[in-house]
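Printed here is final31.pdb (PDB, C-alpha atoms):
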```pdb
ATOM      1  CA  MET A   1      74.375  96.542 161.220
ATOM      2  CA  PRO A   2      72.331  94.565 158.701
ATOM      3  CA  TRP A   3      72.645  90.899 157.862
ATOM      4  CA  ARG A   4      74.817  90.600 154.769
ATOM      5  CA  ASP A   5      74.919  88.054 151.972
ATOM      6  CA  VAL A   6      78.310  86.448 151.394
ATOM      7  CA  ARG A   7      79.565  84.034 148.764
ATOM      8  CA  VAL A   8      81.914  81.173 149.563
ATOM      9  CA  VAL A   9      85.097  81.745 147.537
ATOM     10  CA  SER A  10      87.204  78.804 148.703
ATOM     11  CA  ILE A  11      87.481  76.131 151.377
ATOM     12  CA  LYS A  12      90.780  74.896 152.796
ATOM     13  CA  GLU A  13      91.339  72.020 155.209
ATOM     14  CA  GLU A  14      93.465  73.094 158.182
ATOM     15  CA  THR A  15      93.274  69.926 160.289
ATOM     16  CA  PRO A  16      91.142  66.762 160.177
ATOM     17  CA  THR A  17      88.443  68.678 162.089
ATOM     18  CA  ALA A  18      88.881  72.300 160.934
ATOM     19  CA  LYS A  19      88.429  74.158 157.660
ATOM     20  CA  THR A  20      89.039  77.751 156.597
ATOM     21  CA  PHE A  21      86.250  79.338 154.588
ATOM     22  CA  ARG A  22      86.989  82.404 152.482
ATOM     23  CA  PHE A  23      83.945  84.602 151.894
ATOM     24  CA  ALA A  24      83.285  87.539 149.586
ATOM     25  CA  LEU A  25      80.979  90.403 150.542
ATOM     26  CA  ASN A  26      79.220  92.562 147.989
ATOM     27  CA  GLU A  27      81.420  95.464 149.094
ATOM     28  CA  PRO A  28      84.343  95.937 151.497
ATOM     29  CA  VAL A  29      83.418  96.029 155.196
ATOM     30  CA  PRO A  30      86.306  97.016 157.506
ATOM     31  CA  HIS A  31      87.094  94.775 160.452
ATOM     32  CA  LEU A  32      89.641  94.730 163.271
ATOM     33  CA  ALA A  33      91.994  91.903 164.174
ATOM     34  CA  GLY A  34      90.199  89.947 166.898
ATOM     35  CA  GLN A  35      86.609  90.559 165.789
ATOM     36  CA  HIS A  36      84.094  87.913 164.724
ATOM     37  CA  TYR A  37      81.098  87.338 162.482
ATOM     38  CA  VAL A  38      77.815  85.581 163.215
ATOM     39  CA  VAL A  39      76.900  83.036 160.532
ATOM     40  CA  ARG A  40      73.188  82.323 160.068
ATOM     41  CA  LEU A  41      71.700  79.282 158.353
ATOM     42  CA  THR A  42      68.040  79.237 157.309
ATOM     43  CA  ALA A  43      66.199  75.979 156.605
ATOM     44  CA  PRO A  44      63.440  75.713 153.941
ATOM     45  CA  ASN A  45      60.823  75.723 156.746
ATOM     46  CA  GLY A  46      62.188  79.025 158.067
ATOM     47  CA  TYR A  47      64.091  77.594 161.032
ATOM     48  CA  THR A  48      67.328  79.481 161.654
ATOM     49  CA  SER A  49      70.520  78.653 163.506
ATOM     50  CA  GLU A  50      73.358  81.050 164.279
ATOM     51  CA  ARG A  51      76.937  80.720 165.454
ATOM     52  CA  SER A  52      79.808  83.163 165.975
ATOM     53  CA  TYR A  53      83.207  82.558 164.386
ATOM     54  CA  SER A  54      86.379  84.598 164.752
ATOM     55  CA  ILE A  55      87.895  86.261 161.706
ATOM     56  CA  ALA A  56      91.230  84.707 160.757
ATOM     57  CA  SER A  57      92.217  87.157 158.033
ATOM     58  CA  PRO A  58      93.899  90.495 158.815
ATOM     59  CA  PRO A  59      92.238  93.860 158.203
ATOM     60  CA  ASP A  60      92.628  94.971 154.591
ATOM     61  CA  ALA A  61      90.789  96.892 151.896
ATOM     62  CA  SER A  62      89.295  93.879 150.116
ATOM     63  CA  ALA A  63      85.719  92.612 150.299
ATOM     64  CA  GLU A  64      86.888  89.152 151.362
ATOM     65  CA  PHE A  65      87.522  87.629 154.787
ATOM     66  CA  GLU A  66      88.235  84.212 156.286
ATOM     67  CA  LEU A  67      86.647  82.214 159.083
ATOM     68  CA  THR A  68      88.241  79.026 160.375
ATOM     69  CA  VAL A  69      85.595  76.636 161.684
ATOM     70  CA  GLU A  70      86.096  73.573 163.855
ATOM     71  CA  ARG A  71      83.568  70.803 163.242
ATOM     72  CA  LEU A  72      81.666  70.179 166.476
ATOM     73  CA  CYS A  73      79.772  66.903 166.718
ATOM     74  CA  GLY A  74      76.124  67.589 167.471
ATOM     75  CA  GLY A  75      76.349  71.205 166.323
ATOM     76  CA  GLU A  76      73.874  72.783 163.947
ATOM     77  CA  VAL A  77      76.142  75.135 162.000
ATOM     78  CA  SER A  78      79.670  73.707 161.823
ATOM     79  CA  PRO A  79      78.652  70.252 160.462
ATOM     80  CA  PHE A  80      76.630  71.958 157.714
ATOM     81  CA  LEU A  81      79.574  74.174 156.814
ATOM     82  CA  HIS A  82      81.944  71.206 156.738
ATOM     83  CA  ASP A  83      79.729  68.646 155.031
ATOM     84  CA  VAL A  84      77.390  70.620 152.767
ATOM     85  CA  VAL A  85      78.736  74.058 151.865
ATOM     86  CA  GLU A  86      80.769  74.353 148.651
ATOM     87  CA  PRO A  87      82.501  77.233 146.831
ATOM     88  CA  GLY A  88      79.878  79.379 145.134
ATOM     89  CA  ASP A  89      77.254  78.883 147.849
ATOM     90  CA  GLU A  90      75.763  81.925 149.567
ATOM     91  CA  LEU A  91      75.227  82.435 153.292
ATOM     92  CA  GLU A  92      74.264  85.245 155.671
ATOM     93  CA  VAL A  93      76.572  86.911 158.175
ATOM     94  CA  PHE A  94      76.218  89.644 160.788
ATOM     95  CA  GLY A  95      79.147  91.781 161.818
ATOM     96  CA  PRO A  96      81.972  92.302 162.263
ATOM     97  CA  ILE A  97      81.459  92.367 166.040
ATOM     98  CA  GLY A  98      83.705  93.081 169.006
ATOM     99  CA  GLY A  99      85.682  95.980 170.422
ATOM    100  CA  TRP A 100      87.398  94.525 173.499
ATOM    101  CA  PHE A 101      89.432  91.636 172.128
ATOM    102  CA  VAL A 102      91.080  93.583 169.286
ATOM    103  CA  TRP A 103      94.606  94.717 168.436
ATOM    104  CA  ASP A 104      95.722  97.561 166.161
ATOM    105  CA  ALA A 105      99.421  96.641 165.728
ATOM    106  CA  LYS A 106     100.516  99.810 167.528
ATOM    107  CA  THR A 107     101.232  98.507 171.047
ATOM    108  CA  PRO A 108     103.029  95.395 172.375
ATOM    109  CA  ALA A 109     100.902  92.250 172.549
ATOM    110  CA  VAL A 110     101.385  88.731 173.897
ATOM    111  CA  LEU A 111      98.986  86.208 172.349
ATOM    112  CA  ILE A 112      98.239  82.842 173.963
ATOM    113  CA  GLY A 113      95.907  80.431 172.203
ATOM    114  CA  GLY A 114      94.730  76.920 172.946
ATOM    115  CA  GLY A 115      93.709  74.734 169.993
ATOM    116  CA  SER A 116      91.206  76.563 167.829
ATOM    117  CA  GLY A 117      91.654  79.614 170.059
ATOM    118  CA  VAL A 118      94.491  80.562 167.735
ATOM    119  CA  VAL A 119      92.020  81.812 165.094
ATOM    120  CA  PRO A 120      91.577  85.473 166.186
ATOM    121  CA  LEU A 121      95.234  85.547 167.221
ATOM    122  CA  MET A 122      96.205  84.530 163.691
ATOM    123  CA  ALA A 123      94.475  87.648 162.398
ATOM    124  CA  MET A 124      96.689  89.653 164.752
ATOM    125  CA  LEU A 125      99.853  87.824 163.672
ATOM    126  CA  ARG A 126      99.012  88.355 160.016
ATOM    127  CA  LEU A 127      98.351  92.038 160.684
ATOM    128  CA  ALA A 128     101.691  92.390 162.473
ATOM    129  CA  ARG A 129     103.559  90.819 159.586
ATOM    130  CA  ALA A 130     101.680  92.841 156.967
ATOM    131  CA  THR A 131     102.416  96.125 158.740
ATOM    132  CA  GLU A 132     106.016  95.282 159.682
ATOM    133  CA  SER A 133     105.030  95.371 163.362
ATOM    134  CA  ALA A 134     106.062  91.817 164.183
ATOM    135  CA  ASP A 135     108.551  93.020 166.803
ATOM    136  CA  LEU A 136     105.565  94.184 168.880
ATOM    137  CA  LEU A 137     104.020  90.735 169.085
ATOM    138  CA  ARG A 138     104.660  87.252 170.455
ATOM    139  CA  LEU A 139     102.359  84.259 169.917
ATOM    140  CA  LEU A 140     102.261  81.124 172.070
ATOM    141  CA  VAL A 141     100.049  78.287 170.820
ATOM    142  CA  SER A 142      99.167  75.105 172.692
ATOM    143  CA  VAL A 143      97.899  72.103 170.702
ATOM    144  CA  ARG A 144      97.428  68.414 171.478
ATOM    145  CA  THR A 145      99.460  67.017 168.570
ATOM    146  CA  PRO A 146     101.283  68.393 165.519
ATOM    147  CA  GLN A 147      98.292  67.380 163.380
ATOM    148  CA  ASP A 148      96.048  69.687 165.425
ATOM    149  CA  LEU A 149      98.021  72.844 164.596
ATOM    150  CA  TYR A 150      96.129  75.349 162.456
ATOM    151  CA  TYR A 151      97.868  77.291 159.672
ATOM    152  CA  ARG A 152     100.830  74.942 159.402
ATOM    153  CA  GLY A 153     103.426  76.332 157.042
ATOM    154  CA  GLU A 154     102.459  79.916 157.832
ATOM    155  CA  ILE A 155     102.359  80.193 161.587
ATOM    156  CA  ASP A 156     106.045  79.352 162.108
ATOM    157  CA  GLY A 157     108.360  82.299 162.608
ATOM    158  CA  PRO A 158     110.482  84.167 165.141
ATOM    159  CA  GLN A 159     107.337  85.585 166.757
ATOM    160  CA  THR A 160     105.699  82.221 167.465
ATOM    161  CA  THR A 161     106.147  79.307 169.854
ATOM    162  CA  VAL A 162     104.148  76.068 169.595
ATOM    163  CA  VAL A 163     103.839  73.642 172.515
ATOM    164  CA  HIS A 164     102.228  70.193 172.430
ATOM    165  CA  THR A 165     100.256  68.649 175.269
ATOM    166  CA  ARG A 166      99.888  65.008 174.147
ATOM    167  CA  ALA A 167     102.360  64.232 171.366
ATOM    168  CA  ALA A 168     105.282  66.352 170.188
ATOM    169  CA  PRO A 169     107.283  66.028 166.970
ATOM    170  CA  PRO A 170     110.569  64.114 167.276
ATOM    171  CA  THR A 171     112.589  67.312 166.797
ATOM    172  CA  SER A 172     110.857  69.185 169.618
ATOM    173  CA  PRO A 173     113.155  69.994 172.564
ATOM    174  CA  ARG A 174     110.091  70.216 174.817
ATOM    175  CA  PRO A 175     108.312  67.037 175.927
ATOM    176  CA  PRO A 176     104.488  66.912 175.731
ATOM    177  CA  GLY A 177     102.747  68.604 178.621
ATOM    178  CA  HIS A 178     100.383  71.354 179.641
ATOM    179  CA  LEU A 179     101.293  75.027 179.398
ATOM    180  CA  SER A 180     103.704  76.067 182.142
ATOM    181  CA  MET A 181     105.596  79.080 183.389
ATOM    182  CA  MET A 182     108.607  77.914 181.386
ATOM    183  CA  ASP A 183     106.505  78.411 178.244
ATOM    184  CA  VAL A 184     104.940  81.739 179.199
ATOM    185  CA  SER A 185     107.919  83.627 180.627
ATOM    186  CA  PRO A 186     110.023  83.715 177.410
ATOM    187  CA  VAL A 187     107.238  85.301 175.336
ATOM    188  CA  LEU A 188     106.440  88.191 177.656
ATOM    189  CA  LEU A 189     107.079  91.715 176.375
ATOM    190  CA  PRO A 190     107.410  94.829 178.561
ATOM    191  CA  GLY A 191     104.162  96.778 178.768
ATOM    192  CA  ALA A 192     102.286  94.284 176.602
ATOM    193  CA  THR A 193      98.587  93.552 176.640
ATOM    194  CA  ALA A 194      97.944  89.801 176.811
ATOM    195  CA  TYR A 195      95.247  88.242 174.616
ATOM    196  CA  VAL A 196      94.183  84.751 175.680
ATOM    197  CA  CYS A 197      91.761  82.633 173.654
ATOM    198  CA  GLY A 198      90.607  79.054 174.103
ATOM    199  CA  SER A 199      88.356  76.863 176.209
ATOM    200  CA  ALA A 200      87.342  77.952 179.705
ATOM    201  CA  GLY A 201      89.840  75.577 181.308
ATOM    202  CA  PHE A 202      92.683  76.716 179.081
ATOM    203  CA  THR A 203      92.040  80.443 179.477
ATOM    204  CA  ASN A 204      91.764  80.113 183.259
ATOM    205  CA  ALA A 205      95.096  78.276 183.447
ATOM    206  CA  ALA A 206      96.830  80.676 181.040
ATOM    207  CA  GLY A 207      95.474  83.695 182.899
ATOM    208  CA  GLU A 208      96.803  82.367 186.209
ATOM    209  CA  LEU A 209     100.238  81.834 184.668
ATOM    210  CA  LEU A 210     100.288  85.376 183.295
ATOM    211  CA  VAL A 211      99.385  86.866 186.665
ATOM    212  CA  GLU A 212     101.995  84.685 188.361
ATOM    213  CA  ALA A 213     104.528  85.960 185.828
ATOM    214  CA  GLY A 214     103.770  89.541 186.852
ATOM    215  CA  VAL A 215     101.257  90.623 184.212
ATOM    216  CA  SER A 216      98.561  92.848 185.681
ATOM    217  CA  ALA A 217      95.034  91.449 185.433
ATOM    218  CA  ASP A 218      94.041  94.779 183.863
ATOM    219  CA  ASN A 219      96.347  93.977 180.948
ATOM    220  CA  ILE A 220      94.839  90.548 180.225
ATOM    221  CA  ARG A 221      91.992  90.172 177.740
ATOM    222  CA  VAL A 222      90.257  86.817 177.490
ATOM    223  CA  GLU A 223      87.942  85.248 174.944
ATOM    224  CA  ARG A 224      86.438  81.871 175.814
ATOM    225  CA  PHE A 225      84.643  79.507 173.499
ATOM    226  CA  GLY A 226      82.780  76.247 173.640
ATOM    227  CA  PRO A 227      80.142  74.125 171.907
ATOM    228  CA  SER A 228      77.361  76.000 173.687
ATOM    229  CA  GLY A 229      76.755  79.071 175.755
ATOM    230  CA  PRO A 230      78.246  82.565 175.368
ATOM    231  CA  GLY A 231      81.467  83.299 173.592
ATOM    232  CA  THR A 232      82.821  82.710 170.138
ATOM    233  CA  ALA A 233      82.932  79.286 168.536
ATOM    234  CA  HIS A 234      85.706  78.135 166.227
TER
END
```
Could you spell out this file's structure in structure tokens?
Amino acid sequence: MPWRDVRVVSIKEETPTAKTFRFALNEPVPHLAGQHYVVRLTAPNGYTSERSYSIASPPDASAEFELTVERLCGGEVSPFLHDVVEPGDELEVFGPIGGWFVWDAKTPAVLIGGGSGVVPLMAMLRLARATESADLLRLLVSVRTPQDLYYRGEIDGPQTTVVHTRAAPPTSPRPPGHLSMMDVSPVLLPGATAYVCGSAGFTNAAGELLVEAGVSADNIRVERFGPSGPGTAH
């Protein structure tokens, strides 16, 4: 795959620390729900910096796609995207990449995301709704506070459950706290593949809960992220 030029179409603030960037390619490039792109920045002196970001938009026939990027202090790519990039600017991307952490809306899926780990799962939820396959999917999202929830106004629905770890809205029947078996058990579907995305600590805890709930380890797919090292950043 070659590096491709993309144009920034729009920028939307999701939370105080996250923005969704909509990009336009020169021609449509198919992607799968759960894949990611590598974004490359090149300085005037030729220095380059790259970072991987999950695709938030569902597969479609257009030449546009969305990446939701969390601003990481000390990072080289996300601060530039947040503070410098404007609609109309051009960047380079490589991809789409990934064949393990993907869903085709044809088999049952349980999605568990922590914080910005909801990004690739949102592509799956959007695909399910667009293809009238929402009955095959359940999404469980864990966030610190209501203000940290990505895609507010869209993510709510009968397929989704949001839990809060530090501060919950006054109307929430669940008090703040870490993900537990009481959260995981209600979203399980018979024969489903589980997709877990988030930090290493979150994915380890969620994976243990799934196994304890009876989900085979062979049916659990995990994507970890962080400010450095392997994995996808959000």
Item to check | Residues matched by the PyMOL selection byres ((chain A and resi 138-144) around 7), written as a list in words | outcome: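 When the PyMOL selection byres ((chain A and resi 138-144) around 7) is applied to the shown file, the picked residues are Ala109, Val110, Leu111, Ile112, Gly113, Gly114, Gly115, Val118, Leu137, Thr145, Asp148, Leu149, Gln159, Thr160, Thr161, Val162, Val163, His164, Thr165, Arg166, Ala167 and Val187 of chain A.
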Item to check | Residue members of the PyMOL selection byres ((chain A and resi 38) around 6) in the file shown, as a list in words | outcome: Tyr37, Val39, Arg51, Ser52, Val93 and Phe94 of chain A
Item to check | Atom-to-atom span, CA of Asp104 (chain A) and CA of Trp3 (chain A), Å | outcome: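 Atom-to-atom, CA of Asp104 (chain A) to CA of Trp3 (chain A), that is 25.4 Å.
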Item to check | Picked residues, the PyMOL selection byres ((chain A and resi 125) around 12), as a PyMOL selection string | outcome: chain A and resi 33-34+56-59+102-105+108-113+118-124+126-141+151+154-160+195
Give me a file of those residues, with C-alpha atoms, as a PDB file, in the coordinates of the input.
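File produced: again00.pdb:
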```pdb
ATOM      1  CA  ALA A  33      91.994  91.903 164.174  1.00  0.00           C
ATOM      2  CA  GLY A  34      90.199  89.947 166.898  1.00  0.00           C
ATOM      3  CA  ALA A  56      91.230  84.707 160.757  1.00  0.00           C
ATOM      4  CA  SER A  57      92.217  87.157 158.033  1.00  0.00           C
ATOM      5  CA  PRO A  58      93.899  90.495 158.815  1.00  0.00           C
ATOM      6  CA  PRO A  59      92.238  93.860 158.203  1.00  0.00           C
ATOM      7  CA  VAL A 102      91.080  93.583 169.286  1.00  0.00           C
ATOM      8  CA  TRP A 103      94.606  94.717 168.436  1.00  0.00           C
ATOM      9  CA  ASP A 104      95.722  97.561 166.161  1.00  0.00           C
ATOM     10  CA  ALA A 105      99.421  96.641 165.728  1.00  0.00           C
ATOM     11  CA  PRO A 108     103.029  95.395 172.375  1.00  0.00           C
ATOM     12  CA  ALA A 109     100.902  92.250 172.549  1.00  0.00           C
ATOM     13  CA  VAL A 110     101.385  88.731 173.897  1.00  0.00           C
ATOM     14  CA  LEU A 111      98.986  86.208 172.349  1.00  0.00           C
ATOM     15  CA  ILE A 112      98.239  82.842 173.963  1.00  0.00           C
ATOM     16  CA  GLY A 113      95.907  80.431 172.203  1.00  0.00           C
ATOM     17  CA  VAL A 118      94.491  80.562 167.735  1.00  0.00           C
ATOM     18  CA  VAL A 119      92.020  81.812 165.094  1.00  0.00           C
ATOM     19  CA  PRO A 120      91.577  85.473 166.186  1.00  0.00           C
ATOM     20  CA  LEU A 121      95.234  85.547 167.221  1.00  0.00           C
ATOM     21  CA  MET A 122      96.205  84.530 163.691  1.00  0.00           C
ATOM     22  CA  ALA A 123      94.475  87.648 162.398  1.00  0.00           C
ATOM     23  CA  MET A 124      96.689  89.653 164.752  1.00  0.00           C
ATOM     24  CA  ARG A 126      99.012  88.355 160.016  1.00  0.00           C
ATOM     25  CA  LEU A 127      98.351  92.038 160.684  1.00  0.00           C
ATOM     26  CA  ALA A 128     101.691  92.390 162.473  1.00  0.00           C
ATOM     27  CA  ARG A 129     103.559  90.819 159.586  1.00  0.00           C
ATOM     28  CA  ALA A 130     101.680  92.841 156.967  1.00  0.00           C
ATOM     29  CA  THR A 131     102.416  96.125 158.740  1.00  0.00           C
ATOM     30  CA  GLU A 132     106.016  95.282 159.682  1.00  0.00           C
ATOM     31  CA  SER A 133     105.030  95.371 163.362  1.00  0.00           C
ATOM     32  CA  ALA A 134     106.062  91.817 164.183  1.00  0.00           C
ATOM     33  CA  ASP A 135     108.551  93.020 166.803  1.00  0.00           C
ATOM     34  CA  LEU A 136     105.565  94.184 168.880  1.00  0.00           C
ATOM     35  CA  LEU A 137     104.020  90.735 169.085  1.00  0.00           C
ATOM     36  CA  ARG A 138     104.660  87.252 170.455  1.00  0.00           C
ATOM     37  CA  LEU A 139     102.359  84.259 169.917  1.00  0.00           C
ATOM     38  CA  LEU A 140     102.261  81.124 172.070  1.00  0.00           C
ATOM     39  CA  VAL A 141     100.049  78.287 170.820  1.00  0.00           C
ATOM     40  CA  TYR A 151      97.868  77.291 159.672  1.00  0.00           C
ATOM     41  CA  GLU A 154     102.459  79.916 157.832  1.00  0.00           C
ATOM     42  CA  ILE A 155     102.359  80.193 161.587  1.00  0.00           C
ATOM     43  CA  ASP A 156     106.045  79.352 162.108  1.00  0.00           C
ATOM     44  CA  GLY A 157     108.360  82.299 162.608  1.00  0.00           C
ATOM     45  CA  PRO A 158     110.482  84.167 165.141  1.00  0.00           C
ATOM     46  CA  GLN A 159     107.337  85.585 166.757  1.00  0.00           C
ATOM     47  CA  THR A 160     105.699  82.221 167.465  1.00  0.00           C
ATOM     48  CA  TYR A 195      95.247  88.242 174.616  1.00  0.00           C
TER      49      TYR A 195
END
```
Taking a cut-off of 10 Å and counting only C-alpha atoms, can you build a table that, for each residue of region 89-199 of chain A near region 70-84 of chain A, reports the nearest atom pair and how far apart they are in Å (one decimal), sorted by chain then residue number, as a Markdown table?
```
| residue | atom | partner | partner_atom | distance |
| --- | --- | --- | --- | --- |
| A:Asp89 | CA | A:Val84 | CA | 9.6 |
| A:Leu91 | CA | A:Leu81 | CA | 10.0 |
| A:Gly115 | CA | A:Glu70 | CA | 9.8 |
| A:Ser116 | CA | A:Glu70 | CA | 7.1 |
```
Next on the checklist: So the first atom is CA of Tyr53 (chain A) and the second is CA of Gly98 (chain A); what is the distance between them in Å, to one decimal place?
Outcome noted: 11.5 Å
Checklist outcome for this item: Using only C-alpha atoms, the best pick from A:Thr107, A:Asn204, A:Thr42, A:Asn26 as closest to Ala63 (chain A) would be A:Asn26
